Structure formats: structure tokens, C-alpha cells
Amino acid sequence: GTYSPSAGSAACSVCAAGTSSPSGSAACSVCAAGTYSPSASSASCSACVAGTYSPSAGSAACSVCVAGTYSSSGSAGCSVCAAGTYSSSGSASCSVCVAGTSSPSGSSSCSACMAGFYSLSAGSAGC
């Protein structure tokens, strides 16, 4: 989490949040997209947990995926749930709509079929 830019330095400098450096470094490394470093003097960057993302390099924190999207660990962005599936905010995956319901892509919930319409199988995009 510290570095020394030149040989013979009397002291090491601290790396800022969003960067890291292992022991004996001459410079700090910027955390890649999908990773973060929450505080100064970090020895390494951590991967964003599933359901969160970091879109750009040098992040000090990960953002939570909004409802209707999901992400796996170490993601630089969130993916939209397919039609017939849904998710709440911060999801690692999408859930399948049950029979009798449907959803368009990017949904946060499934809707019951209207009177006179039906869906026989789970994961229906429409009734």
C-alpha cells in the first residue's frame, strides 16, 4: 500500500484509494475495472462481489446493480435480465418467472397474465 519512487528515499509514500501496491513497489497501480480499493495504503485491489460492478479503472468502491440486472464477481458492468426472468437490486443472477406470469427483459418482477390470457411454462416473455 506504499511505494518509493526513487532509490535511497527516506520514507515511502501512501497509495491513494482506487490504487494498490505490493511491498517493494516503485509506484502505485490503478485498480482495473471490476475491482476496487476502498482505502489508502492497500496492498491489492479486490474484485467487486456478485451483484455489484465497477465500470472504470481506479474505483474506490463498487456500485450496486439496479433491479432488472445482475452481475457476477469482478464485473465492470451489469447485464440485463432476459425476458421471462427478473431480479431485485444487487442480484448475482435472474430468477425465472413462474407459469401464469411473464416479464419483458430488464424486469424487477413478473406480472400475472390478464384475464383471458395464459402462460403454461415458467420463463414466459408474454402471456
# chains A, B, ... in the order shown; residues from 1 in each chain; ligands from 1
>>> select_by_dssp(residues="chain A", states="strand (DSSP E or B)", output="NGL selection string")
:A and (2-3 or 13-14 or 19-20 or 25 or 29-30 or 35-36 or 46-47 or 52-53 or 63-64 or 69-70 or 79-80 or 85-86 or 95-96 or 101-102 or 111-112)
>>> write_last_selection(atoms="C-alpha atoms", output="PDB file, in the first residue's frame")
ATOM      1  CA  THR A   2       3.048   2.257  -0.114  1.00  0.00           C
ATOM      2  CA  TYR A   3       5.730   2.998  -2.682  1.00  0.00           C
ATOM      3  CA  SER A  13       4.528   7.395   0.104  1.00  0.00           C
ATOM      4  CA  VAL A  14       0.986   6.089   0.610  1.00  0.00           C
ATOM      5  CA  THR A  19      -4.856   2.094  -6.321  1.00  0.00           C
ATOM      6  CA  SER A  20      -2.608  -0.516  -4.717  1.00  0.00           C
ATOM      7  CA  SER A  25       6.914  -1.085  -5.250  1.00  0.00           C
ATOM      8  CA  SER A  29      -1.066   0.500  -9.713  1.00  0.00           C
ATOM      9  CA  VAL A  30      -4.555   1.673 -10.646  1.00  0.00           C
ATOM     10  CA  THR A  35     -12.069  -4.212  -8.942  1.00  0.00           C
ATOM     11  CA  TYR A  36     -11.691  -1.609  -6.203  1.00  0.00           C
ATOM     12  CA  SER A  46     -10.381  -6.593  -4.541  1.00  0.00           C
ATOM     13  CA  ALA A  47     -12.902  -7.930  -7.060  1.00  0.00           C
ATOM     14  CA  THR A  52     -22.075  -5.108  -7.874  1.00  0.00           C
ATOM     15  CA  TYR A  53     -19.783  -3.589 -10.524  1.00  0.00           C
ATOM     16  CA  SER A  63     -21.847   0.192  -7.345  1.00  0.00           C
ATOM     17  CA  VAL A  64     -24.926  -1.996  -6.828  1.00  0.00           C
ATOM     18  CA  THR A  69     -29.987  -6.505 -13.953  1.00  0.00           C
ATOM     19  CA  TYR A  70     -27.322  -8.785 -12.457  1.00  0.00           C
ATOM     20  CA  SER A  79     -26.241  -7.458 -17.584  1.00  0.00           C
ATOM     21  CA  VAL A  80     -29.959  -7.070 -18.303  1.00  0.00           C
ATOM     22  CA  THR A  85     -36.832 -13.549 -15.813  1.00  0.00           C
ATOM     23  CA  TYR A  86     -36.457 -10.827 -13.155  1.00  0.00           C
ATOM     24  CA  SER A  95     -34.929 -15.652 -11.331  1.00  0.00           C
ATOM     25  CA  VAL A  96     -37.354 -17.368 -13.709  1.00  0.00           C
ATOM     26  CA  THR A 101     -46.783 -14.885 -15.146  1.00  0.00           C
ATOM     27  CA  SER A 102     -44.461 -13.152 -17.616  1.00  0.00           C
ATOM     28  CA  SER A 111     -46.723  -9.824 -13.885  1.00  0.00           C
ATOM     29  CA  ALA A 112     -49.746 -12.126 -13.681  1.00  0.00           C
TER      30      ALA A 112
END
>>> residues_around(residues="A:Cys113", least_positions_apart="4", cutoff="8 Å", atoms="only C-alpha atoms", output="list in words")
Gly100, Thr101, Ser102, Phe117, Tyr118, Ser119 and Cys127 of chain A
>>> write_last_selection(atoms="N, CA and C atoms", output="short mmCIF file (atom, residue, chain, number, x, y, z; two decimals), in the first residue's frame")
data_model
loop_
_atom_site.label_atom_id
_atom_site.label_comp_id
_atom_site.auth_asym_id
_atom_site.auth_seq_id
_atom_site.Cartn_x
_atom_site.Cartn_y
_atom_site.Cartn_z
N GLY A 100 -47.99 -18.81 -15.52
CA GLY A 100 -49.09 -17.91 -15.20
C GLY A 100 -48.65 -16.46 -15.06
N THR A 101 -47.34 -16.24 -15.20
CA THR A 101 -46.78 -14.88 -15.15
C THR A 101 -45.82 -14.70 -16.32
N SER A 102 -45.43 -13.45 -16.56
CA SER A 102 -44.46 -13.15 -17.62
C SER A 102 -43.74 -11.86 -17.29
N PHE A 117 -55.87 -14.65 -20.88
CA PHE A 117 -54.53 -14.97 -21.40
C PHE A 117 -53.84 -15.93 -20.43
N TYR A 118 -52.85 -16.67 -20.90
CA TYR A 118 -52.16 -17.63 -20.05
C TYR A 118 -50.72 -17.85 -20.50
N SER A 119 -49.95 -18.41 -19.61
CA SER A 119 -48.59 -18.91 -19.93
C SER A 119 -48.46 -20.24 -19.20
N CYS A 127 -47.85 -13.52 -22.25
CA CYS A 127 -48.98 -14.42 -21.99
C CYS A 127 -49.77 -14.63 -23.27
#
>>> closest_residue(among="A:Gly18, A:Gly116, A:Gly126, A:Pro55", to="A:Ala83", atoms="only C-alpha atoms")
A:Gly126
>>> atom_distance(atom1="atom CA of A:Pro22", atom2="atom CA of A:Ala7")
16.6 Å
>>> closest_residue(among="A:Gly90, A:Gly106, A:Gly123, A:Gly84", to="A:Ser71", atoms="only C-alpha atoms")
A:Gly90
>>> closest_residue(among="A:Ala92, A:Cys81, A:Ala32, A:Ala11", to="A:Cys110", atoms="only C-alpha atoms")
A:Cys81
>>> closest_residue(among="A:Ser39, A:Ser109, A:Ser54, A:Ser21", to="A:Cys78", atoms="only C-alpha atoms")
A:Ser54
>>> residues_around(residues="A:Ser87", least_positions_apart="4", cutoff="6 Å", atoms="only C-alpha atoms", output="MDAnalysis selection string")
chainID A and resid 67:68 94 108
>>> write_last_selection(atoms="N, CA and C atoms", output="mmCIF file, in the first residue's frame")
data_model
loop_
_atom_site.group_PDB
_atom_site.id
_atom_site.type_symbol
_atom_site.label_atom_id
_atom_site.label_comp_id
_atom_site.auth_asym_id
_atom_site.auth_seq_id
_atom_site.Cartn_x
_atom_site.Cartn_y
_atom_site.Cartn_z
ATOM 1 N N ALA A 67 -32.337 -3.105 -10.060
ATOM 2 C CA ALA A 67 -33.314 -4.168 -10.291
ATOM 3 C C ALA A 67 -33.484 -4.386 -11.787
ATOM 4 N N GLY A 68 -33.626 -5.647 -12.178
ATOM 5 C CA GLY A 68 -33.750 -5.987 -13.589
ATOM 6 C C GLY A 68 -32.420 -6.282 -14.255
ATOM 7 N N CYS A 94 -30.589 -13.821 -12.361
ATOM 8 C CA CYS A 94 -32.010 -13.536 -12.547
ATOM 9 C C CYS A 94 -32.817 -14.773 -12.179
ATOM 10 N N SER A 108 -38.016 -6.127 -12.888
ATOM 11 C CA SER A 108 -37.749 -6.305 -11.463
ATOM 12 C C SER A 108 -38.770 -7.239 -10.831
#
>>> atom_distance(atom1="atom CA of A:Ser91", atom2="atom CA of A:Ala40")
28.5 Å
>>> atom_distance(atom1="atom CA of A:Met114", atom2="atom CA of A:Val66")
26.9 Å
